[in-house]
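Engineer: Sharing a structure here in structure tokens format.
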Amino acid sequence: MSWQGIIDHYQSYLPVTKKTPALSLHEGNTPLIHFPHLSELLGVELYGKVEGANPTGSFKDRGMVMAVAKAVEEGSKSVICASTGNTSASAAAYAARAGLRAIIVIPKGKVALGKLAQAKMYGAEIVEIDGNFDDALKMVRKLSENAPVTLVNSVNPYRLEGQKTAAFEVCEQLGEAPDILAVPVGNAGNISAYWKGFKEYNREKQTALPRMFGFEAEGAAAIVKNKIIPNPETVATAIRIGNPASWDMAIAARDESGGKIGMVTDDEIKKAFQLLAKKEGIFAEPGSCASIAGVIQQCKEGAIKQGSKVAAVLTGNGLKDPQTAIEQVTVDPVSLPNDEEKVTAYITDMVTE
Ligand code: F0G
């Protein structure tokens, strides 16, 4: 049978009961694509896990389908989350599908256009605050303790359960775990979920364990700097987070796997963003590209050895943030009149030596 989503496919690994609804937008089963140009450039065997191919364009769908299904199972009527954009888009979509109300709290002016469009289209009720993600998360965590609304941020344990399925897929796609799994780090839920997934799959199927390499944006590198960043700033708004909720689990993933949590500058992110699109044909949002930027940096520094098998998680689709993309590429389209002769002459000139 065709792919029916992660609850259907991985139910024996998930907290699924007879009462869990078969919620699905066919999330998961995303491609793992070999990157020949970057592999050659870096001297490693590099793959990208293209999570932008999920139904709402980010990895969040894997965890959200599980969290919303469990909310329905528990009789909840509303879900709430704080978000830098992707969580809210995903929550809104799955809530719409399940017939729940979605309330989202977001940092005003700091959510990429595509993500905001999604939340609006899926019918979420949107609250903007003059604060950042960390402020919003604090509010919704407290509020959900008393109000009749289910919190679907990654502090909801069902989120990580769903997200761990990406690690299963990477093992299936490569035949074993990679040497290194590189992933962007924001609130640190995803790195924790991948590590949980690799450990579980290794116990069941002896797929071995990767070293976990997580990358924060320099202006939001709380874990690297070992201190809360009160005013995080980065071009990668998805990971503009100064007090990650799963901080301890991310450190455990790093230490248990013999890995690393590093940071990449906005320049490194922007370079990786363009390189990935121009050399490999993959348009991933800036936050996603922290993983590729980190791999490039660590290869240069020699911390990733030549010949290593590296899987980099590309967490979200580039179409989410068209504004940043347009600002990166300063070459404007050539503007010509609607005149066949002029257009033909111009293009002929371009393609002939
Ligand atoms: N990449 C993208 C595209 C994201 O949207 C996020 C997080 C991350 C990476 C980091 O993952 O938080 O599990 O470490 N976005 C959240 C949101 C915070 O609200 O959409 P993490």
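Each chain of the structure tokens is named A, B, ... in the order shown, its residues numbered from 1; ligands are numbered from 1 in display order.
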Quick one: pick out all strand (DSSP E) residues within region 188-338 of chain A from a backbone DSSP run and write them as a PyMOL selection string.
Structural biologist: chain A and resi 211-217+260-264+309-314
Engineer: Quick one: everything within 8 Å of region 149-159 of chain A, counting only C-alpha atoms, minus sequence neighbours fewer than 2 positions away in the same chain. Send it as JSON, numbers by chain.
Structural biologist: {"A": [15, 62, 63, 64, 66, 67, 68, 70, 71, 76, 77, 78, 79, 80, 81, 82, 83, 87, 91, 140, 141, 144, 147, 161, 162, 163, 189, 245, 246]}
Engineer: Kindly work out which residues sit at most 9 Å from ligand 1, using only C-alpha atoms and all ligand atoms, and give the list as a PDB file with N, CA, C and O atoms, in the first residue's frame.
Structural biologist:
```pdb
ATOM      1  N   GLU A  51      13.635  17.486   4.561  1.00  0.00           N
ATOM      2  CA  GLU A  51      12.416  17.548   5.364  1.00  0.00           C
ATOM      3  C   GLU A  51      11.430  18.610   4.867  1.00  0.00           C
ATOM      4  O   GLU A  51      10.274  18.618   5.268  1.00  0.00           O
ATOM      5  N   GLY A  52      11.910  19.466   3.968  1.00  0.00           N
ATOM      6  CA  GLY A  52      11.017  20.422   3.316  1.00  0.00           C
ATOM      7  C   GLY A  52       9.986  19.733   2.438  1.00  0.00           C
ATOM      8  O   GLY A  52       9.015  20.348   1.993  1.00  0.00           O
ATOM      9  N   GLY A  57       5.920  21.533   4.655  1.00  0.00           N
ATOM     10  CA  GLY A  57       7.222  22.047   4.260  1.00  0.00           C
ATOM     11  C   GLY A  57       8.286  22.053   5.335  1.00  0.00           C
ATOM     12  O   GLY A  57       9.328  22.692   5.157  1.00  0.00           O
ATOM     13  N   SER A  58       8.048  21.357   6.446  1.00  0.00           N
ATOM     14  CA  SER A  58       9.121  21.234   7.445  1.00  0.00           C
ATOM     15  C   SER A  58       8.998  19.932   8.231  1.00  0.00           C
ATOM     16  O   SER A  58       7.953  19.268   8.200  1.00  0.00           O
ATOM     17  N   PHE A  59      10.081  19.613   8.953  1.00  0.00           N
ATOM     18  CA  PHE A  59      10.139  18.391   9.781  1.00  0.00           C
ATOM     19  C   PHE A  59       9.107  18.371  10.892  1.00  0.00           C
ATOM     20  O   PHE A  59       8.838  17.327  11.486  1.00  0.00           O
ATOM     21  N   LYS A  60       8.540  19.534  11.199  1.00  0.00           N
ATOM     22  CA  LYS A  60       7.617  19.630  12.338  1.00  0.00           C
ATOM     23  C   LYS A  60       6.422  18.703  12.176  1.00  0.00           C
ATOM     24  O   LYS A  60       5.819  18.288  13.158  1.00  0.00           O
ATOM     25  N   CYS A  81       0.609  26.801  20.632  1.00  0.00           N
ATOM     26  CA  CYS A  81       2.075  26.736  20.600  1.00  0.00           C
ATOM     27  C   CYS A  81       2.655  28.133  20.438  1.00  0.00           C
ATOM     28  O   CYS A  81       1.989  29.042  19.941  1.00  0.00           O
ATOM     29  N   ALA A  82       3.889  28.263  20.878  1.00  0.00           N
ATOM     30  CA  ALA A  82       4.720  29.415  20.514  1.00  0.00           C
ATOM     31  C   ALA A  82       5.500  28.966  19.293  1.00  0.00           C
ATOM     32  O   ALA A  82       5.742  27.774  19.136  1.00  0.00           O
ATOM     33  N   SER A  83       5.905  29.897  18.443  1.00  0.00           N
ATOM     34  CA  SER A  83       6.627  29.428  17.267  1.00  0.00           C
ATOM     35  C   SER A  83       7.427  30.520  16.579  1.00  0.00           C
ATOM     36  O   SER A  83       7.053  31.686  16.592  1.00  0.00           O
ATOM     37  N   THR A  84       8.546  30.094  15.965  1.00  0.00           N
ATOM     38  CA  THR A  84       9.257  30.972  15.045  1.00  0.00           C
ATOM     39  C   THR A  84       8.671  30.807  13.633  1.00  0.00           C
ATOM     40  O   THR A  84       9.182  31.370  12.689  1.00  0.00           O
ATOM     41  N   GLY A  85       7.648  30.002  13.490  1.00  0.00           N
ATOM     42  CA  GLY A  85       6.921  29.912  12.217  1.00  0.00           C
ATOM     43  C   GLY A  85       6.524  28.517  11.776  1.00  0.00           C
ATOM     44  O   GLY A  85       5.378  28.268  11.433  1.00  0.00           O
ATOM     45  N   ASN A  86       7.482  27.598  11.772  1.00  0.00           N
ATOM     46  CA  ASN A  86       7.174  26.263  11.244  1.00  0.00           C
ATOM     47  C   ASN A  86       6.263  25.447  12.150  1.00  0.00           C
ATOM     48  O   ASN A  86       5.362  24.758  11.675  1.00  0.00           O
ATOM     49  N   THR A  87       6.506  25.502  13.442  1.00  0.00           N
ATOM     50  CA  THR A  87       5.644  24.768  14.370  1.00  0.00           C
ATOM     51  C   THR A  87       4.207  25.262  14.235  1.00  0.00           C
ATOM     52  O   THR A  87       3.264  24.466  14.226  1.00  0.00           O
ATOM     53  N   SER A  88       4.052  26.576  14.109  1.00  0.00           N
ATOM     54  CA  SER A  88       2.697  27.125  14.022  1.00  0.00           C
ATOM     55  C   SER A  88       2.015  26.709  12.717  1.00  0.00           C
ATOM     56  O   SER A  88       0.825  26.380  12.709  1.00  0.00           O
ATOM     57  N   ALA A  89       2.759  26.681  11.619  1.00  0.00           N
ATOM     58  CA  ALA A  89       2.177  26.239  10.339  1.00  0.00           C
ATOM     59  C   ALA A  89       1.720  24.788  10.443  1.00  0.00           C
ATOM     60  O   ALA A  89       0.625  24.422  10.012  1.00  0.00           O
ATOM     61  N   SER A  90       2.566  23.972  11.049  1.00  0.00           N
ATOM     62  CA  SER A  90       2.255  22.556  11.170  1.00  0.00           C
ATOM     63  C   SER A  90       1.090  22.324  12.138  1.00  0.00           C
ATOM     64  O   SER A  90       0.168  21.550  11.837  1.00  0.00           O
ATOM     65  N   ILE A 106       3.318  34.177  18.285  1.00  0.00           N
ATOM     66  CA  ILE A 106       4.534  34.342  17.483  1.00  0.00           C
ATOM     67  C   ILE A 106       5.196  35.702  17.722  1.00  0.00           C
ATOM     68  O   ILE A 106       4.532  36.671  18.091  1.00  0.00           O
ATOM     69  N   LYS A 115       5.454  31.112   6.124  1.00  0.00           N
ATOM     70  CA  LYS A 115       4.966  30.447   7.346  1.00  0.00           C
ATOM     71  C   LYS A 115       3.721  31.157   7.880  1.00  0.00           C
ATOM     72  O   LYS A 115       2.761  30.515   8.315  1.00  0.00           O
ATOM     73  N   PHE A 133      10.689  34.366  20.590  1.00  0.00           N
ATOM     74  CA  PHE A 133      10.148  33.013  20.765  1.00  0.00           C
ATOM     75  C   PHE A 133      10.201  32.572  22.226  1.00  0.00           C
ATOM     76  O   PHE A 133       9.246  31.976  22.736  1.00  0.00           O
ATOM     77  N   ASN A 153       4.127  22.477  21.591  1.00  0.00           N
ATOM     78  CA  ASN A 153       5.566  22.713  21.386  1.00  0.00           C
ATOM     79  C   ASN A 153       6.313  21.415  21.705  1.00  0.00           C
ATOM     80  O   ASN A 153       5.721  20.473  22.237  1.00  0.00           O
ATOM     81  N   SER A 154       7.620  21.405  21.413  1.00  0.00           N
ATOM     82  CA  SER A 154       8.341  20.134  21.547  1.00  0.00           C
ATOM     83  C   SER A 154       8.568  19.708  22.999  1.00  0.00           C
ATOM     84  O   SER A 154       9.095  18.629  23.250  1.00  0.00           O
ATOM     85  N   LEU A 160       8.488  14.718  20.159  1.00  0.00           N
ATOM     86  CA  LEU A 160       9.781  14.062  19.925  1.00  0.00           C
ATOM     87  C   LEU A 160       9.577  12.628  19.457  1.00  0.00           C
ATOM     88  O   LEU A 160      10.359  12.111  18.647  1.00  0.00           O
ATOM     89  N   VAL A 183      22.625  18.644  12.227  1.00  0.00           N
ATOM     90  CA  VAL A 183      21.268  19.168  12.347  1.00  0.00           C
ATOM     91  C   VAL A 183      21.302  20.585  12.933  1.00  0.00           C
ATOM     92  O   VAL A 183      22.127  20.878  13.801  1.00  0.00           O
ATOM     93  N   PRO A 184      20.444  21.483  12.433  1.00  0.00           N
ATOM     94  CA  PRO A 184      20.357  22.801  13.056  1.00  0.00           C
ATOM     95  C   PRO A 184      19.762  22.678  14.452  1.00  0.00           C
ATOM     96  O   PRO A 184      18.932  21.798  14.685  1.00  0.00           O
ATOM     97  N   VAL A 185      20.159  23.572  15.344  1.00  0.00           N
ATOM     98  CA  VAL A 185      19.616  23.549  16.709  1.00  0.00           C
ATOM     99  C   VAL A 185      18.984  24.903  17.029  1.00  0.00           C
ATOM    100  O   VAL A 185      19.621  25.949  16.906  1.00  0.00           O
ATOM    101  N   GLY A 186      17.700  24.851  17.406  1.00  0.00           N
ATOM    102  CA  GLY A 186      16.996  26.055  17.845  1.00  0.00           C
ATOM    103  C   GLY A 186      16.538  25.836  19.274  1.00  0.00           C
ATOM    104  O   GLY A 186      17.235  26.150  20.237  1.00  0.00           O
ATOM    105  N   ASN A 187      15.351  25.232  19.385  1.00  0.00           N
ATOM    106  CA  ASN A 187      14.826  24.891  20.709  1.00  0.00           C
ATOM    107  C   ASN A 187      15.375  23.549  21.179  1.00  0.00           C
ATOM    108  O   ASN A 187      15.058  23.086  22.270  1.00  0.00           O
ATOM    109  N   ALA A 188      16.139  22.885  20.318  1.00  0.00           N
ATOM    110  CA  ALA A 188      16.879  21.643  20.612  1.00  0.00           C
ATOM    111  C   ALA A 188      16.013  20.393  20.714  1.00  0.00           C
ATOM    112  O   ALA A 188      16.475  19.350  21.181  1.00  0.00           O
ATOM    113  N   GLY A 189      14.779  20.476  20.234  1.00  0.00           N
ATOM    114  CA  GLY A 189      13.922  19.291  20.228  1.00  0.00           C
ATOM    115  C   GLY A 189      14.356  18.276  19.184  1.00  0.00           C
ATOM    116  O   GLY A 189      14.396  17.072  19.436  1.00  0.00           O
ATOM    117  N   ASN A 190      14.704  18.770  18.004  1.00  0.00           N
ATOM    118  CA  ASN A 190      14.967  17.840  16.902  1.00  0.00           C
ATOM    119  C   ASN A 190      16.230  17.023  17.118  1.00  0.00           C
ATOM    120  O   ASN A 190      16.237  15.824  16.873  1.00  0.00           O
ATOM    121  N   ILE A 191      17.296  17.652  17.600  1.00  0.00           N
ATOM    122  CA  ILE A 191      18.530  16.891  17.850  1.00  0.00           C
ATOM    123  C   ILE A 191      18.249  15.801  18.895  1.00  0.00           C
ATOM    124  O   ILE A 191      18.727  14.666  18.774  1.00  0.00           O
ATOM    125  N   SER A 192      17.409  16.122  19.875  1.00  0.00           N
ATOM    126  CA  SER A 192      17.060  15.160  20.925  1.00  0.00           C
ATOM    127  C   SER A 192      16.231  14.020  20.348  1.00  0.00           C
ATOM    128  O   SER A 192      16.430  12.850  20.695  1.00  0.00           O
ATOM    129  N   ALA A 193      15.306  14.357  19.446  1.00  0.00           N
ATOM    130  CA  ALA A 193      14.449  13.345  18.834  1.00  0.00           C
ATOM    131  C   ALA A 193      15.261  12.407  17.929  1.00  0.00           C
ATOM    132  O   ALA A 193      15.079  11.187  17.959  1.00  0.00           O
ATOM    133  N   GLY A 214      25.289  19.203  16.181  1.00  0.00           N
ATOM    134  CA  GLY A 214      24.239  20.212  16.136  1.00  0.00           C
ATOM    135  C   GLY A 214      24.838  21.598  15.921  1.00  0.00           C
ATOM    136  O   GLY A 214      25.946  21.870  16.395  1.00  0.00           O
ATOM    137  N   GLU A 216      24.009  25.776  16.146  1.00  0.00           N
ATOM    138  CA  GLU A 216      23.205  26.952  16.463  1.00  0.00           C
ATOM    139  C   GLU A 216      23.693  28.114  15.600  1.00  0.00           C
ATOM    140  O   GLU A 216      24.817  28.104  15.090  1.00  0.00           O
ATOM    141  N   ALA A 236      18.549  33.516  10.230  1.00  0.00           N
ATOM    142  CA  ALA A 236      17.794  32.248  10.246  1.00  0.00           C
ATOM    143  C   ALA A 236      16.726  32.332  11.328  1.00  0.00           C
ATOM    144  O   ALA A 236      16.878  31.788  12.423  1.00  0.00           O
ATOM    145  N   THR A 237      15.621  33.012  11.022  1.00  0.00           N
ATOM    146  CA  THR A 237      14.611  33.297  12.057  1.00  0.00           C
ATOM    147  C   THR A 237      14.044  32.017  12.685  1.00  0.00           C
ATOM    148  O   THR A 237      13.600  32.045  13.827  1.00  0.00           O
ATOM    149  N   ALA A 238      14.091  30.915  11.948  1.00  0.00           N
ATOM    150  CA  ALA A 238      13.571  29.637  12.481  1.00  0.00           C
ATOM    151  C   ALA A 238      14.285  29.241  13.774  1.00  0.00           C
ATOM    152  O   ALA A 238      13.685  28.636  14.656  1.00  0.00           O
ATOM    153  N   ILE A 239      15.573  29.574  13.863  1.00  0.00           N
ATOM    154  CA  ILE A 239      16.357  29.156  15.041  1.00  0.00           C
ATOM    155  C   ILE A 239      16.812  30.363  15.876  1.00  0.00           C
ATOM    156  O   ILE A 239      17.842  30.338  16.533  1.00  0.00           O
ATOM    157  N   ARG A 240      16.003  31.402  15.827  1.00  0.00           N
ATOM    158  CA  ARG A 240      16.277  32.625  16.605  1.00  0.00           C
ATOM    159  C   ARG A 240      15.743  32.401  18.032  1.00  0.00           C
ATOM    160  O   ARG A 240      14.707  32.903  18.431  1.00  0.00           O
ATOM    161  N   ILE A 241      16.486  31.598  18.791  1.00  0.00           N
ATOM    162  CA  ILE A 241      16.037  31.121  20.102  1.00  0.00           C
ATOM    163  C   ILE A 241      17.206  31.216  21.091  1.00  0.00           C
ATOM    164  O   ILE A 241      18.297  30.726  20.799  1.00  0.00           O
ATOM    165  N   PRO A 244      16.946  27.421  24.751  1.00  0.00           N
ATOM    166  CA  PRO A 244      16.326  26.202  24.228  1.00  0.00           C
ATOM    167  C   PRO A 244      15.700  25.318  25.317  1.00  0.00           C
ATOM    168  O   PRO A 244      16.342  25.032  26.330  1.00  0.00           O
ATOM    169  N   ALA A 245      14.461  24.884  25.062  1.00  0.00           N
ATOM    170  CA  ALA A 245      13.726  24.094  26.057  1.00  0.00           C
ATOM    171  C   ALA A 245      14.368  22.728  26.291  1.00  0.00           C
ATOM    172  O   ALA A 245      14.354  22.213  27.403  1.00  0.00           O
ATOM    173  N   SER A 246      14.930  22.131  25.228  1.00  0.00           N
ATOM    174  CA  SER A 246      15.519  20.784  25.382  1.00  0.00           C
ATOM    175  C   SER A 246      17.046  20.841  25.478  1.00  0.00           C
ATOM    176  O   SER A 246      17.751  19.937  24.998  1.00  0.00           O
ATOM    177  N   ALA A 250      19.859  17.944  24.500  1.00  0.00           N
ATOM    178  CA  ALA A 250      20.801  18.188  23.397  1.00  0.00           C
ATOM    179  C   ALA A 250      22.235  17.917  23.856  1.00  0.00           C
ATOM    180  O   ALA A 250      23.030  17.308  23.130  1.00  0.00           O
ATOM    181  N   ALA A 284      16.535  25.112   0.474  1.00  0.00           N
ATOM    182  CA  ALA A 284      16.153  24.869   1.869  1.00  0.00           C
ATOM    183  C   ALA A 284      16.178  26.200   2.598  1.00  0.00           C
ATOM    184  O   ALA A 284      17.000  27.065   2.280  1.00  0.00           O
ATOM    185  N   GLU A 285      15.314  26.391   3.560  1.00  0.00           N
ATOM    186  CA  GLU A 285      15.257  27.697   4.230  1.00  0.00           C
ATOM    187  C   GLU A 285      16.547  27.966   5.027  1.00  0.00           C
ATOM    188  O   GLU A 285      17.262  27.027   5.384  1.00  0.00           O
ATOM    189  N   PRO A 286      16.846  29.242   5.320  1.00  0.00           N
ATOM    190  CA  PRO A 286      18.127  29.571   5.949  1.00  0.00           C
ATOM    191  C   PRO A 286      18.413  28.777   7.232  1.00  0.00           C
ATOM    192  O   PRO A 286      19.525  28.273   7.414  1.00  0.00           O
ATOM    193  N   GLY A 287      17.433  28.640   8.087  1.00  0.00           N
ATOM    194  CA  GLY A 287      17.638  27.881   9.331  1.00  0.00           C
ATOM    195  C   GLY A 287      18.127  26.475   9.059  1.00  0.00           C
ATOM    196  O   GLY A 287      19.025  25.955   9.748  1.00  0.00           O
ATOM    197  N   SER A 288      17.583  25.847   8.036  1.00  0.00           N
ATOM    198  CA  SER A 288      18.003  24.504   7.622  1.00  0.00           C
ATOM    199  C   SER A 288      19.472  24.453   7.296  1.00  0.00           C
ATOM    200  O   SER A 288      20.141  23.453   7.527  1.00  0.00           O
ATOM    201  N   CYS A 289      19.943  25.535   6.680  1.00  0.00           N
ATOM    202  CA  CYS A 289      21.293  25.543   6.127  1.00  0.00           C
ATOM    203  C   CYS A 289      22.364  25.669   7.198  1.00  0.00           C
ATOM    204  O   CYS A 289      23.552  25.556   6.900  1.00  0.00           O
ATOM    205  N   ALA A 290      21.952  25.861   8.444  1.00  0.00           N
ATOM    206  CA  ALA A 290      22.925  25.820   9.546  1.00  0.00           C
ATOM    207  C   ALA A 290      23.609  24.458   9.573  1.00  0.00           C
ATOM    208  O   ALA A 290      24.794  24.359   9.915  1.00  0.00           O
ATOM    209  N   SER A 291      22.887  23.397   9.183  1.00  0.00           N
ATOM    210  CA  SER A 291      23.510  22.063   9.184  1.00  0.00           C
ATOM    211  C   SER A 291      24.601  21.985   8.112  1.00  0.00           C
ATOM    212  O   SER A 291      25.709  21.514   8.399  1.00  0.00           O
ATOM    213  N   VAL A 313      20.543  17.345   8.019  1.00  0.00           N
ATOM    214  CA  VAL A 313      19.094  17.508   7.988  1.00  0.00           C
ATOM    215  C   VAL A 313      18.754  18.900   7.455  1.00  0.00           C
ATOM    216  O   VAL A 313      19.233  19.910   7.989  1.00  0.00           O
ATOM    217  N   LEU A 314      17.953  18.917   6.384  1.00  0.00           N
ATOM    218  CA  LEU A 314      17.473  20.184   5.817  1.00  0.00           C
ATOM    219  C   LEU A 314      16.036  20.307   6.286  1.00  0.00           C
ATOM    220  O   LEU A 314      15.117  19.715   5.731  1.00  0.00           O
ATOM    221  N   THR A 315      15.876  21.072   7.360  1.00  0.00           N
ATOM    222  CA  THR A 315      14.652  21.014   8.156  1.00  0.00           C
ATOM    223  C   THR A 315      13.423  21.651   7.506  1.00  0.00           C
ATOM    224  O   THR A 315      12.308  21.280   7.818  1.00  0.00           O
ATOM    225  N   GLY A 316      13.634  22.641   6.616  1.00  0.00           N
ATOM    226  CA  GLY A 316      12.473  23.339   6.052  1.00  0.00           C
ATOM    227  C   GLY A 316      12.688  23.778   4.609  1.00  0.00           C
ATOM    228  O   GLY A 316      13.816  23.983   4.156  1.00  0.00           O
ATOM    229  N   ASN A 317      11.604  23.944   3.904  1.00  0.00           N
ATOM    230  CA  ASN A 317      11.608  24.316   2.490  1.00  0.00           C
ATOM    231  C   ASN A 317      11.983  25.799   2.286  1.00  0.00           C
ATOM    232  O   ASN A 317      11.517  26.663   3.031  1.00  0.00           O
ATOM    233  N   LYS A 320       9.478  28.839   2.175  1.00  0.00           N
ATOM    234  CA  LYS A 320       8.937  29.404   3.416  1.00  0.00           C
ATOM    235  C   LYS A 320       9.364  30.862   3.595  1.00  0.00           C
ATOM    236  O   LYS A 320       8.671  31.639   4.222  1.00  0.00           O
TER     237      LYS A 320
END
```
Engineer: Out of region 39-232 of chain A, which residues get helix (DSSP H, G or I) from DSSP, as a ChimeraX atom specification?
Structural biologist: /A:39-42,51-53,60-73,86-98,113-121,133-146,157-163,165-174,189-205,218-220,222-225
Engineer: Between CA of Glu45 (chain A) and CA of Ala293 (chain A), what is the spacing in Å?
Structural biologist: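 That distance, rounded to one decimal, is 15.4 Å.
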Engineer: Using CA of Glu169 (chain A) and CA of Ala182 (chain A) as the two end points, give the distance in Å to one decimal.
Structural biologist: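 Between CA of Glu169 (chain A) and CA of Ala182 (chain A) the gap works out to 15.0 Å.
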Engineer: Which residues, written as a list in words, have at least one atom at most 9 Å from region 200-203 of chain A, with only C-alpha atoms counted and residues fewer than 6 positions away on the same chain left out?
Structural biologist: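 In the requested form, the answer reads Tyr13, Ala167, Phe168, Cys171, Glu176, Ala177 and Leu209 of chain A.
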Engineer: Which residues are close to Gly109 (chain A), i.e. within 9 Å by only C-alpha atoms, leaving aside same-chain residues fewer than 3 positions away? Reply as a ChimeraX atom specification.
Structural biologist: /A:106,112,128,130
Engineer: Can you write just those residues out, C-alpha atoms, as a compact mmCIF listing (two decimals), in the first residue's frame?
Structural biologist:
```txt
# COMPACT_ATOMS: atom_id res chain seq x y z
CA ILE A 106 4.53 34.34 17.48
CA ALA A 112 8.97 34.34 7.50
CA GLU A 128 1.67 38.38 17.82
CA ASP A 130 6.47 42.35 20.86
```
Engineer: Counting only C-alpha atoms, which residue out of A:Gly302, A:Pro107, A:Pro232, A:Gly114 sits closest to Thr56 (chain A)?
Structural biologist: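 The shortest atom-to-atom distance to Thr56 (chain A) comes from A:Gly114.
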Engineer: Which residues are close to Glu327 (chain A), i.e. within 12 Å by only C-alpha atoms, leaving aside same-chain residues fewer than 5 positions away? Reply as an mmCIF file with all heavy atoms, in the first residue's frame.
Structural biologist:
```cif
data_model
loop_
_atom_site.group_PDB
_atom_site.id
_atom_site.type_symbol
_atom_site.label_atom_id
_atom_site.label_comp_id
_atom_site.auth_asym_id
_atom_site.auth_seq_id
_atom_site.Cartn_x
_atom_site.Cartn_y
_atom_site.Cartn_z
ATOM 1 N N VAL A 235 19.782 35.803 10.860
ATOM 2 C CA VAL A 235 19.017 35.804 9.604
ATOM 3 C C VAL A 235 18.126 34.558 9.544
ATOM 4 O O VAL A 235 17.077 34.565 8.897
ATOM 5 C CB VAL A 235 19.984 35.877 8.387
ATOM 6 C CG1 VAL A 235 20.809 34.589 8.252
ATOM 7 C CG2 VAL A 235 19.240 36.121 7.087
ATOM 8 N N LYS A 270 24.315 31.968 5.092
ATOM 9 C CA LYS A 270 23.903 32.518 3.801
ATOM 10 C C LYS A 270 24.693 31.892 2.646
ATOM 11 O O LYS A 270 24.155 31.644 1.577
ATOM 12 C CB LYS A 270 24.047 34.044 3.795
ATOM 13 C CG LYS A 270 22.997 34.723 4.673
ATOM 14 C CD LYS A 270 22.975 36.223 4.497
ATOM 15 C CE LYS A 270 23.817 36.924 5.498
ATOM 16 N NZ LYS A 270 23.730 38.388 5.475
ATOM 17 N N GLN A 274 23.009 29.484 -0.430
ATOM 18 C CA GLN A 274 23.171 29.673 -1.874
ATOM 19 C C GLN A 274 23.870 28.495 -2.538
ATOM 20 O O GLN A 274 23.495 28.069 -3.627
ATOM 21 C CB GLN A 274 23.965 30.952 -2.146
ATOM 22 C CG GLN A 274 23.172 32.191 -1.836
ATOM 23 C CD GLN A 274 23.628 33.384 -2.692
ATOM 24 O OE1 GLN A 274 23.909 33.253 -3.877
ATOM 25 N NE2 GLN A 274 23.690 34.543 -2.075
ATOM 26 N N ASP A 321 10.571 31.166 3.121
ATOM 27 C CA ASP A 321 11.161 32.478 3.402
ATOM 28 C C ASP A 321 11.652 33.135 2.102
ATOM 29 O O ASP A 321 12.857 33.308 1.901
ATOM 30 C CB ASP A 321 12.315 32.294 4.407
ATOM 31 C CG ASP A 321 12.855 33.620 4.936
ATOM 32 O OD1 ASP A 321 12.373 34.695 4.496
ATOM 33 O OD2 ASP A 321 13.771 33.581 5.781
ATOM 34 N N PRO A 322 10.721 33.490 1.220
ATOM 35 C CA PRO A 322 11.127 34.059 -0.075
ATOM 36 C C PRO A 322 11.877 35.381 0.069
ATOM 37 O O PRO A 322 12.764 35.685 -0.718
ATOM 38 C CB PRO A 322 9.797 34.251 -0.816
ATOM 39 C CG PRO A 322 8.738 34.226 0.229
ATOM 40 C CD PRO A 322 9.267 33.382 1.352
ATOM 41 N N ASP A 332 19.503 41.120 -10.534
ATOM 42 C CA ASP A 332 18.093 41.262 -10.882
ATOM 43 C C ASP A 332 17.813 40.639 -12.246
ATOM 44 O O ASP A 332 18.710 40.509 -13.072
ATOM 45 C CB ASP A 332 17.714 42.753 -10.919
ATOM 46 C CG ASP A 332 17.550 43.308 -9.514
ATOM 47 O OD1 ASP A 332 17.110 42.539 -8.640
ATOM 48 O OD2 ASP A 332 17.885 44.495 -9.300
#
```
